[in-house]
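**Q** Have a look at this one before I ask anything.
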Number of protein chains: 4
Amino acid sequence: MRALVKTAPGTGMELRDVPVPACGPNDVLIRVHHAGVCGTDLHIWEWDAWASNRLKPPVVIGHEFAGRIEKMGPEAEAEGLLDVGDLVTAEGHIICGHCLQCRTGNGHLCQRTSIIGVDRDGAFADYIAMPASNVMKLGGIPTEIGAIMDPMGNAFHTVLEGDAVIGSAVLILGCGPIGCFAAGVARAAGASLVIASDFNDKRLGIATAMGAHVTLNPGRDDVSTRIRELTQGDGVDLVCEMSGHPAGHAQAFAAARLGGRVNLLGTPSRTTEVNFARDIIFKGLTLYGVTGRKMYHTWHVMQRYLRAGQLDPMPVVTHRFPLEQIADAIQVIKDGQAGKVILEIGS
Amino acid sequence: MRALVKTAPGTGMELRDVPVPACGPNDVLIRVHHAGVCGTDLHIWEWDAWASNRLKPPVVIGHEFAGRIEKMGPEAEAEGLLDVGDLVTAEGHIICGHCLQCRTGNGHLCQRTSIIGVDRDGAFADYIAMPASNVMKLGGIPTEIGAIMDPMGNAFHTVLEGDAVIGSAVLILGCGPIGCFAAGVARAAGASLVIASDFNDKRLGIATAMGAHVTLNPGRDDVSTRIRELTQGDGVDLVCEMSGHPAGHAQAFAAARLGGRVNLLGTPSRTTEVNFARDIIFKGLTLYGVTGRKMYHTWHVMQRYLRAGQLDPMPVVTHRFPLEQIADAIQVIKDGQAGKVILEIGS
Amino acid sequence: MRALVKTAPGTGMELRDVPVPACGPNDVLIRVHHAGVCGTDLHIWEWDAWASNRLKPPVVIGHEFAGRIEKMGPEAEAEGLLDVGDLVTAEGHIICGHCLQCRTGNGHLCQRTSIIGVDRDGAFADYIAMPASNVMKLGGIPTEIGAIMDPMGNAFHTVLEGDAVIGSAVLILGCGPIGCFAAGVARAAGASLVIASDFNDKRLGIATAMGAHVTLNPGRDDVSTRIRELTQGDGVDLVCEMSGHPAGHAQAFAAARLGGRVNLLGTPSRTTEVNFARDIIFKGLTLYGVTGRKMYHTWHVMQRYLRAGQLDPMPVVTHRFPLEQIADAIQVIKDGQAGKVILEIGS
Amino acid sequence: MRALVKTAPGTGMELRDVPVPACGPNDVLIRVHHAGVCGTDLHIWEWDAWASNRLKPPVVIGHEFAGRIEKMGPEAEAEGLLDVGDLVTAEGHIICGHCLQCRTGNGHLCQRTSIIGVDRDGAFADYIAMPASNVMKLGGIPTEIGAIMDPMGNAFHTVLEGDAVIGSAVLILGCGPIGCFAAGVARAAGASLVIASDFNDKRLGIATAMGAHVTLNPGRDDVSTRIRELTQGDGVDLVCEMSGHPAGHAQAFAAARLGGRVNLLGTPSRTTEVNFARDIIFKGLTLYGVTGRKMYHTWHVMQRYLRAGQLDPMPVVTHRFPLEQIADAIQVIKDGQAGKVILEIGS
């Protein structure tokens with residue numbers, strides 16, 4: 001089968017012909033229809049510090065996908081809950097099920113997490129084998145959307161953690177694809193005011209299309225002043241920090257109201273100086289670090305939202321490429337003008 | 001009446017003869033029996049940057065106290081819930097009751113908080129007038145203990161926020177009086193392992209007397225290694241950061257388990273460099289800044305604990321002085337060998 | 001001033017000329033613009049068992065209202081947070097602020113609650129005096145809507161309690177005004193499926209106008225079967241029981257999914273036989289009894305929703321009468337064809 | 001191997017020689033050391049209405065046990081987290097992992113739950129095969145205690161659900177083994193007052209040994225009056241209903257304070273008349289039906305408590321029998337003088 005493989009340390013990926021993966025007793029083999037390209041894939045392409053420390057080539061890249069079940073291992077089949085032919089997506093974090101985190105509702109923080117497309121072979125390929133327990137039926141959601149439920153799930157996790165969104169003023173800092181999804185999720189989940197901030201006007205346009213009431217561009221707007229005006233001086237109830245920049249952290253702490261919440265998803269590449277007394281303790285803030293998707297509460301709510309039409313993620317999808325054009329896909333992401341980029345692999 | 005007054009900018013306080021405070025329609029006038037001396041009072045004595053920015057002399061100092069109701073305003077009396085002669089303590093944060101925070105269960109973060117002994121006249125005096133709504137009957141708790149329920153309440157707030165203590169491994173970073181109270185609260189609230197850390201062995205001794213299972217001294221012990229050993233490699237479920245030092249923050253983030261919680265009470269005087277990606281986001285941590293006491297959930301639980309004998313705070317009390325010896329009281333705190341210091345004012 | 005007074009035991013109310021109420025030090029005096037007529041007022045009119053046990057005539061009736069501040073007591077004025085001329089509504093439960101419930105975030109369950117229009121003089125009058133702490137500025141919400149925020153608040157409380165609404169299938173049992181409000185709240189708060197059930201098609205029409213996806217009439221529909229179909233056999237996540245009938249309880253327990261939640265607002269006049277083993281324990285259900293509005297979390301979220309236009313309650317308002325026509329107002333409620341009925345009192 | 005088998009409809013069980021169970025790819029085979037006898041086993045022995053509807057003989061009885069891993073299936077072995085020789089216990093509810101409940105943190109309410117000793121072969125035998133994911137290492141807890149962690153887990157679930165125990169007044173209604181465990185759990189989890197009620201003085205003695213502060217016998221005591229006295233008229237914060245009697249439900253609703261919580265574990269054999277208006281709605285109560293153990297949060301906390309010595313369950317264990325004397329074991333339970341009864345099976 002075809003697969004995009006990081007064959008060795010260094011820049012780029014190679015389209016290779018590799019064997020179809022083995023399907024273990026608890027696994028299902030999935031024919032990949034669509035896959036999403038993520039910022040993580042860009043890091044892997046560019047072989048930055050994180051990637052070179054984490055990946056052990058050769059490895060098939062790609063962790064966001066949806067497709068059709070082609071084959072089932074005997075134990076998975078015996079469960080009787082999935083079938084050959086089902087259209088499915090899957091959680092890409094494969095977890096141990098036994099550690100403290102897995103046992104107490106935090107499987108997304110499993111001590112032995114293995115991520116497809118990073119720690120083991122991934123989804124930029126004609127086929128992928130997944131444990132049946134990681135697989136979710138699409139139930140009418142198109143595979144193109146199924147392929148981006150992984151990052152959309154990050155947005156749901158970020159917006160919903162802490163039960164702070166209903167009736168709230170929400171600030172989205174950073175309008176990459178996940179930030180734009182978050183604007184839509186916050187709006188659909190009952191936020192009263194959704195403010196999106198980014199330096200990139202194209203991204204702000206997508207955030208507006210997803211439901212942001214107000215967009216701010218720190219290149220033009222005095223963000224803190226505008227937020228005070230928009231919230232009668234209170235500040236926002238919830239900040240979704242998607243930028244991963246120290247300036248985003250500073251903005252988040254300044255914008256949050258007394259007793260507010262900051263859910264942090266953007267992963268910075270350097271440290272931030274934090275004034276804990278002024279910004280966290282005297283303000284009574286709650287901070288929460290977002291990793292992955294709650295397994296599987298996040299997926300459940302997301303499925304409901306997509307099936308009920310409460311959230312239309314399509315404004316975020318800006319580009320589609322065949323598997324062979326991965327270099328083009330990577331390039332549009334690097335150019336900063338893309339929303340979500342999708343690989344069309346099979347059908 | 002006698003009162004310890006910050007009469008003007010600069011070091012020290014003066015014992016003065018001042019008028020007994022007026023008792024407004026919603027107030028009660030309280031004869032002070034005992035008062036606690038706090039690190040905040042030391043900052044005020046020394047007139048550090050925080051104090052010189054915040055206080056507007058002249059102001060009577062002191063915010064931790066208990067005593068007897070001597071007089072009641074007509075509206076307070078009409079409520080029929082307090083009586084002259086009642087032994088009481090009081091929450092020292094006087095709040096507006098109307099702002100977003102007051103209206104939604106976060107009165108401790110009121111936008112218009114006025115703190116006794118800081119923003120208005122306090123309790124190092126023969127009498128203090130307090131809004132009846134801030135007053136709590138002691139119901140059998142001695143006034144000496146009533147006088148330290150304000151800082152003990154900080155400890156309850158820090159340990160209990162997030163419902164993370166039952167069955168948990170808890171790390172107390174910093175064993176000043178509030179850290180030592182926290183060791184006792186954590187033990188009594190069902191923690192399975194209470195670890196206390198401080199550079200000062202005297203304080204570690206008090207923490208042990210309050211119930212810590214294990215004490216660590218970073219001057220001697222490799223704290224991170226010991227915590228890993230004590231928790232089978234998982235890390236602790238809950239960190240109570242009471243030190244207010246950047247090194248304490250670093251230790252807190254390193255010690256917390258994946259998905260753990262760090263409640264921060266110690267107020268640092270400078271910034272901390274935080275590696276958000278490694279320490280907060282990938283670990284899925286929750287951070288919470290602790291200000292004051294939940295009004296009045298914290299007080300309610302604390303009263304129950306004290307009345308039921310679940311917590312004996314007396315090992316923390318190391319010194320008692322009459323009002324006149326405030327200079328001695330301040331000195332033993334500066335020397336770092338004191339637990340809680342109490343002023344004996346009246347009866 | 002004019003006032004509708006229950007002058008003595010027995011049916012009806014009288015329009016009387018009575019003195020303008022005194023405005024105490026902590027009170028504001030409000031010129032009533034609009035008032036809502038509630039099922040409770042019908043019970044009082046008819047002098048049923050509940051009313052005759054609870055009310056001590058003479059008492060001015062009415063607990064849902066909005067109007068303009070005409071005068072302020074000196075303590076209320078000194079707070080500086082309300083002003084003569086402010087358009088306001090008010091929470092009608094006047095609470096002690098000192099009991100266990102008041103002190104721990106459950107003021108709506110205060111042991112000494114006094115309800116306007118029931119336990120003390122109410123709002124079907126030209127003026128009403130209210131404690132300033134019960135008053136909320138409308139901030140742009142019309143007084144006609146302000147006058148129905150008390151029952152709308154019941155709906156918010158019922159829908160939002162338990163943080164179970166986002167992404168949920170919600171069943172509203174009983175489509176009186178509060179049930180219809182609840183349909184709108186559930187929809188706006190991110191429910192994925194809102195099902196409303198009532199025997200009265202007119203009410204179902206209002207529920208649809210408020211946002212219900214599906215309406216069921218137990219006179220025609222097999223409610224349990226339809227709910228199973230609509231939820232892929234799971235049952236609903238949240239039931240809002242607004243009917244107050246034993247049949248509603250049975251329907252609620254049958255419709256709720258394993259691990260679901262039933263929030264009960266409708267107050268039955270007789271007992272219900274409950275099969276705890278089958279319906280509550282083996283299903284792992286949570287039941288919650290709804291009284292009043294969370295003070296003031298419910299009000300806060302409701303204000304946000306109304307100001308942001310997330311909820312338009314006007315489809316529920318079907319009738320308006322002047323104060324003099326109270327008998328007509330009561331009659332349309334008795335006829336069962338009314339949604340919310342409003343008295344136009346002043347301006 | 002030896003096994004106690006319900007061979008056919010009717011009273012009793014038979015000790016039979018049966019084949020050692022097969023160990024599937026994801027299973028471990030466990031040599032049973034100790035097993036607990038439960039009220040459920042009594043229902044099965046007596047073949048009551050529930051048992052005759054649910055069981056399909058022949059089936060090996062017994063669902064509470066601990067022992068040693070003797071053999072591992074290949075997939076279980078490949079995980080590398082359990083080993084032959086490990087001393088273990090296991091959750092007896094085998095769940096699908098795919099349904100809404102399994103996916104959202106309520107695996108104990110799985111739509112496809114299969115219970116060992118009820119729906120499939122159980123633990124009153126020399127060997128039992130269990131899915132590796134249901135198995136927990138004892139880590140120093142003796143197998144005799146491991147064998148009763150299933151019912152002890154019910155007690156943890158009942159006491160801890162709702163985060164209502166710290167600083168609370170807790171009423172345990174019904175002092176069978178799970179009620180007695182609950183007294184100990186509540187005490188260790190920071191309850192300020194633990195009241196236990198039962199008609200049987202022997203059981204009340206065990207509850208006292210487990211930590212109840214006060215015991216009440218409804219045959220002698222006016223329970224409602226005593227509870228009011230013990231709680232200064234407020235009522236209790238949390239009721240753990242373990243009796244399963246309509247009288248227990250009535251007592252629970254009467255004893256709970258305004259805004260209190262009733263967690264119901266005792267499974268009644270008939271219906272209860274409930275006055276929802278007076279007892280649930282106007283009191284603002286929360287009711288919760290307890291099924292099984294939270295998988296695996298309950299187990300995690302329980303392991304911590306047992307390993308830390310926070311709870312000593314041994315006062316509850318009153319009888320031990322070899323497998324052959326099952327009839328004696330059943331008899332002492334029927335006599336109502338037993339606490340927990342243990343079968344000593346192997347080593």
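For the structure tokens, the naming scheme is as follows: chains receive sequential letters (A, B, ...) according to their order of presentation, residues are indexed from 1 within each chain, and ligands are indexed from 1 in presentation order.
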Enumerate, in order of chain and increasing residue number, the residues of chain D with an atom no farther than 9 Å from chain A, each with its shortest atom pair and distance in Å to one decimal, counting only C-alpha atoms, as CSV.
**A**
residue,atom,partner,partner_atom,distance
D:Pro25,CA,A:Glu75,CA,8.1
D:Asn26,CA,A:Glu75,CA,8.5
D:Glu75,CA,A:Pro25,CA,8.0
D:Glu79,CA,A:Cys96,CA,7.6
D:Leu81,CA,A:His98,CA,7.5
D:Cys96,CA,A:Glu79,CA,7.6
D:Gly97,CA,A:Ser133,CA,7.1
D:His98,CA,A:Ser133,CA,7.1
D:Leu100,CA,A:His300,CA,7.7
D:Cys102,CA,A:Tyr296,CA,8.7
D:Arg103,CA,A:Tyr296,CA,5.1
D:Thr104,CA,A:His297,CA,4.8
D:Gly105,CA,A:Gly105,CA,6.6
D:Ser133,CA,A:Gly97,CA,7.1
D:Met136,CA,A:His98,CA,8.7
D:Lys294,CA,A:Thr104,CA,8.9
D:Met295,CA,A:Arg103,CA,7.0
D:Tyr296,CA,A:Arg103,CA,5.1
D:His297,CA,A:Thr104,CA,4.8
D:Thr298,CA,A:Thr104,CA,8.6
D:Trp299,CA,A:Arg103,CA,8.7
D:His300,CA,A:Arg103,CA,7.5
**Q** Could you pull out the helix (DSSP H, G or I) residues of region 140-333 of chain D from DSSP and send them as a ChimeraX atom specification?
**A** /D:143-146,149-160,177-188,201-210,223-230,246-255,276-281,297-308,314-316,323-333
**Q** Can you pull out every residue within 12 Å of Lys6 (chain D), counting only C-alpha atoms, but drop anything in the same chain fewer than 3 positions away, and send it as JSON, numbers by chain?
**A** {"D": [3, 9, 10, 11, 12, 13, 14, 15, 16, 41, 42, 43, 44, 45, 46, 47, 51, 52, 55, 56, 57, 58, 59, 60, 61, 62, 117, 118, 119, 120, 121, 122, 124]}
**Q** Would you output that residue set with N, CA and C atoms, as a compact mmCIF listing (two decimals), in the first residue's frame?
**A**
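Contents of the output file out29.txt:
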# COMPACT_ATOMS: atom_id res chain seq x y z
N ALA D 3 -16.35 -26.38 42.46
CA ALA D 3 -17.11 -25.14 42.23
C ALA D 3 -18.49 -25.28 42.84
N PRO D 9 -33.02 -24.54 38.48
CA PRO D 9 -33.93 -23.72 39.28
C PRO D 9 -34.25 -24.39 40.61
N GLY D 10 -34.42 -23.56 41.66
CA GLY D 10 -34.75 -24.12 42.97
C GLY D 10 -33.74 -23.69 44.02
N THR D 11 -34.00 -24.07 45.27
CA THR D 11 -33.18 -23.67 46.40
C THR D 11 -31.82 -24.36 46.39
N GLY D 12 -30.82 -23.67 47.01
CA GLY D 12 -29.52 -24.30 47.26
C GLY D 12 -28.52 -24.15 46.15
N MET D 13 -27.34 -24.72 46.39
CA MET D 13 -26.25 -24.80 45.41
C MET D 13 -25.58 -26.15 45.60
N GLU D 14 -24.84 -26.58 44.58
CA GLU D 14 -24.17 -27.88 44.69
C GLU D 14 -22.67 -27.71 44.53
N LEU D 15 -21.91 -28.40 45.37
CA LEU D 15 -20.47 -28.44 45.17
C LEU D 15 -20.18 -29.51 44.12
N ARG D 16 -19.62 -29.10 43.00
CA ARG D 16 -19.41 -29.99 41.87
C ARG D 16 -17.95 -30.01 41.45
N ASP D 41 -25.92 -13.63 46.93
CA ASP D 41 -25.77 -15.09 46.93
C ASP D 41 -26.90 -15.75 47.70
N LEU D 42 -27.36 -15.06 48.74
CA LEU D 42 -28.51 -15.56 49.50
C LEU D 42 -29.77 -15.58 48.62
N HIS D 43 -29.99 -14.49 47.84
CA HIS D 43 -31.12 -14.47 46.91
C HIS D 43 -31.03 -15.64 45.92
N ILE D 44 -29.80 -15.90 45.46
CA ILE D 44 -29.62 -16.98 44.48
C ILE D 44 -29.88 -18.33 45.14
N TRP D 45 -29.33 -18.49 46.34
CA TRP D 45 -29.56 -19.73 47.09
C TRP D 45 -31.06 -19.98 47.25
N GLU D 46 -31.77 -18.93 47.64
CA GLU D 46 -33.20 -19.07 47.93
C GLU D 46 -34.05 -19.09 46.66
N TRP D 47 -33.41 -18.70 45.55
CA TRP D 47 -34.09 -18.69 44.25
C TRP D 47 -35.36 -17.82 44.30
N ALA D 51 -33.80 -13.75 41.37
CA ALA D 51 -32.85 -14.77 40.93
C ALA D 51 -33.42 -15.63 39.80
N SER D 52 -34.67 -16.01 39.95
CA SER D 52 -35.25 -16.92 38.94
C SER D 52 -35.45 -16.20 37.60
N LEU D 55 -30.97 -15.53 36.52
CA LEU D 55 -29.96 -16.57 36.30
C LEU D 55 -30.40 -17.64 35.32
N LYS D 56 -29.44 -18.14 34.57
CA LYS D 56 -29.68 -19.25 33.65
C LYS D 56 -28.76 -20.40 34.04
N PRO D 57 -29.22 -21.29 34.92
CA PRO D 57 -28.38 -22.41 35.38
C PRO D 57 -28.01 -23.31 34.19
N PRO D 58 -26.90 -24.02 34.27
CA PRO D 58 -25.98 -24.02 35.42
C PRO D 58 -25.02 -22.84 35.38
N VAL D 59 -24.75 -22.28 36.57
CA VAL D 59 -23.77 -21.20 36.67
C VAL D 59 -23.03 -21.32 38.00
N VAL D 60 -21.72 -21.11 37.94
CA VAL D 60 -20.92 -21.07 39.16
C VAL D 60 -21.19 -19.74 39.86
N ILE D 61 -21.49 -19.82 41.16
CA ILE D 61 -21.88 -18.63 41.94
C ILE D 61 -20.63 -17.92 42.49
N GLY D 62 -20.83 -16.69 42.98
CA GLY D 62 -19.75 -15.97 43.69
C GLY D 62 -19.17 -14.84 42.87
N GLY D 117 -20.73 -14.79 38.52
CA GLY D 117 -21.52 -15.43 39.57
C GLY D 117 -23.02 -15.19 39.43
N VAL D 118 -23.41 -14.46 38.39
CA VAL D 118 -24.82 -14.19 38.13
C VAL D 118 -25.12 -14.48 36.66
N ASP D 119 -24.44 -13.73 35.79
CA ASP D 119 -24.67 -13.88 34.35
C ASP D 119 -23.65 -14.81 33.69
N ARG D 120 -22.55 -15.06 34.38
CA ARG D 120 -21.52 -15.98 33.88
C ARG D 120 -20.83 -16.59 35.09
N ASP D 121 -20.00 -17.58 34.83
CA ASP D 121 -19.44 -18.34 35.95
C ASP D 121 -18.62 -17.45 36.88
N GLY D 122 -18.74 -17.76 38.18
CA GLY D 122 -18.19 -16.90 39.22
C GLY D 122 -17.04 -17.51 40.00
N PHE D 124 -16.86 -18.81 43.41
CA PHE D 124 -16.91 -19.85 44.46
C PHE D 124 -16.40 -21.14 43.84
**Q** If you count only C-alpha atoms, which residues fall within 9 Å of region 28-36 of chain A, apart from same-chain ones fewer than 2 positions away, as a VMD selection string?
**A** chain A and resid 21 to 26 38 62 to 73 76 to 77 82 84 87 to 88 123 to 132 135 143 to 148 150 to 151 340 to 347
**Q** I want to know what sits within 12 Å of region 214-218 of chain D, based on only C-alpha atoms, with residues of the same chain fewer than 4 positions away left out; could you give that as a PyMOL selection string?
**A** chain D and resi 169-175+180+183+187+192-210+222-227+230-231+247-248+251
**Q** List as a ChimeraX atom specification the protein and nucleic acid residues near Thr286 (chain B), meaning an atom at most 10 Å away when only C-alpha atoms are counted, but skip any in the same chain fewer than 6 places from it.
**A** /A:262-263,286-290 /B:162,238,256,258-263,280
**Q** Between CA of Arg228 (chain D) and CA of Glu161 (chain B), what is the distance in Å, rounded to a tenth?
**A**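 Calculated distance between CA of Arg228 (chain D) and CA of Glu161 (chain B) is 29.3 Å.
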**Q** Among region 192-280 of chain C, which residues does DSSP mark as strand (DSSP E or B) when it is run on the backbone? Keep the chain and numbering as in the structure and answer as a PDB file with C-alpha atoms, in the first residue's frame.
**A**
ATOM      1  CA  LEU C 193     -32.195  17.286  21.033  1.00  0.00           C
ATOM      2  CA  VAL C 194     -35.055  18.959  22.891  1.00  0.00           C
ATOM      3  CA  ILE C 195     -38.250  16.915  23.214  1.00  0.00           C
ATOM      4  CA  ALA C 196     -41.314  18.549  24.779  1.00  0.00           C
ATOM      5  CA  SER C 197     -44.333  16.604  25.987  1.00  0.00           C
ATOM      6  CA  VAL C 214     -39.814  17.398  18.693  1.00  0.00           C
ATOM      7  CA  THR C 215     -43.142  17.580  20.525  1.00  0.00           C
ATOM      8  CA  LEU C 216     -45.043  14.598  21.866  1.00  0.00           C
ATOM      9  CA  VAL C 236     -32.598  10.949  27.339  1.00  0.00           C
ATOM     10  CA  ASP C 237     -29.715  12.431  29.308  1.00  0.00           C
ATOM     11  CA  LEU C 238     -31.797  14.973  31.177  1.00  0.00           C
ATOM     12  CA  VAL C 239     -35.461  15.145  32.102  1.00  0.00           C
ATOM     13  CA  CYS C 240     -36.974  18.433  33.255  1.00  0.00           C
ATOM     14  CA  GLU C 241     -40.096  17.333  35.123  1.00  0.00           C
ATOM     15  CA  ALA C 256     -34.003   8.808  31.452  1.00  0.00           C
ATOM     16  CA  ARG C 257     -30.994   6.862  30.234  1.00  0.00           C
ATOM     17  CA  LEU C 258     -28.816   4.750  32.530  1.00  0.00           C
ATOM     18  CA  GLY C 259     -26.879   7.312  34.538  1.00  0.00           C
ATOM     19  CA  GLY C 260     -29.226  10.107  33.483  1.00  0.00           C
ATOM     20  CA  ARG C 261     -30.586  13.005  35.463  1.00  0.00           C
ATOM     21  CA  VAL C 262     -34.109  14.077  36.428  1.00  0.00           C
ATOM     22  CA  ASN C 263     -34.536  17.648  37.666  1.00  0.00           C
ATOM     23  CA  LEU C 264     -37.962  18.029  39.258  1.00  0.00           C
ATOM     24  CA  THR C 272     -46.123   8.989  43.741  1.00  0.00           C
ATOM     25  CA  GLU C 273     -45.332   5.279  44.026  1.00  0.00           C
ATOM     26  CA  VAL C 274     -41.678   4.863  43.130  1.00  0.00           C
TER      27      VAL C 274
END
**Q** Quick one, how far is CA of Gly167 (chain A) from CA of Asp163 (chain B)?
**A** 24.4 Å
**Q** Report the distance between CA of Val5 (chain D) and CA of Gly85 (chain D) in Å, rounded to one decimal place.
**A**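 So the answer is 26.7 Å.
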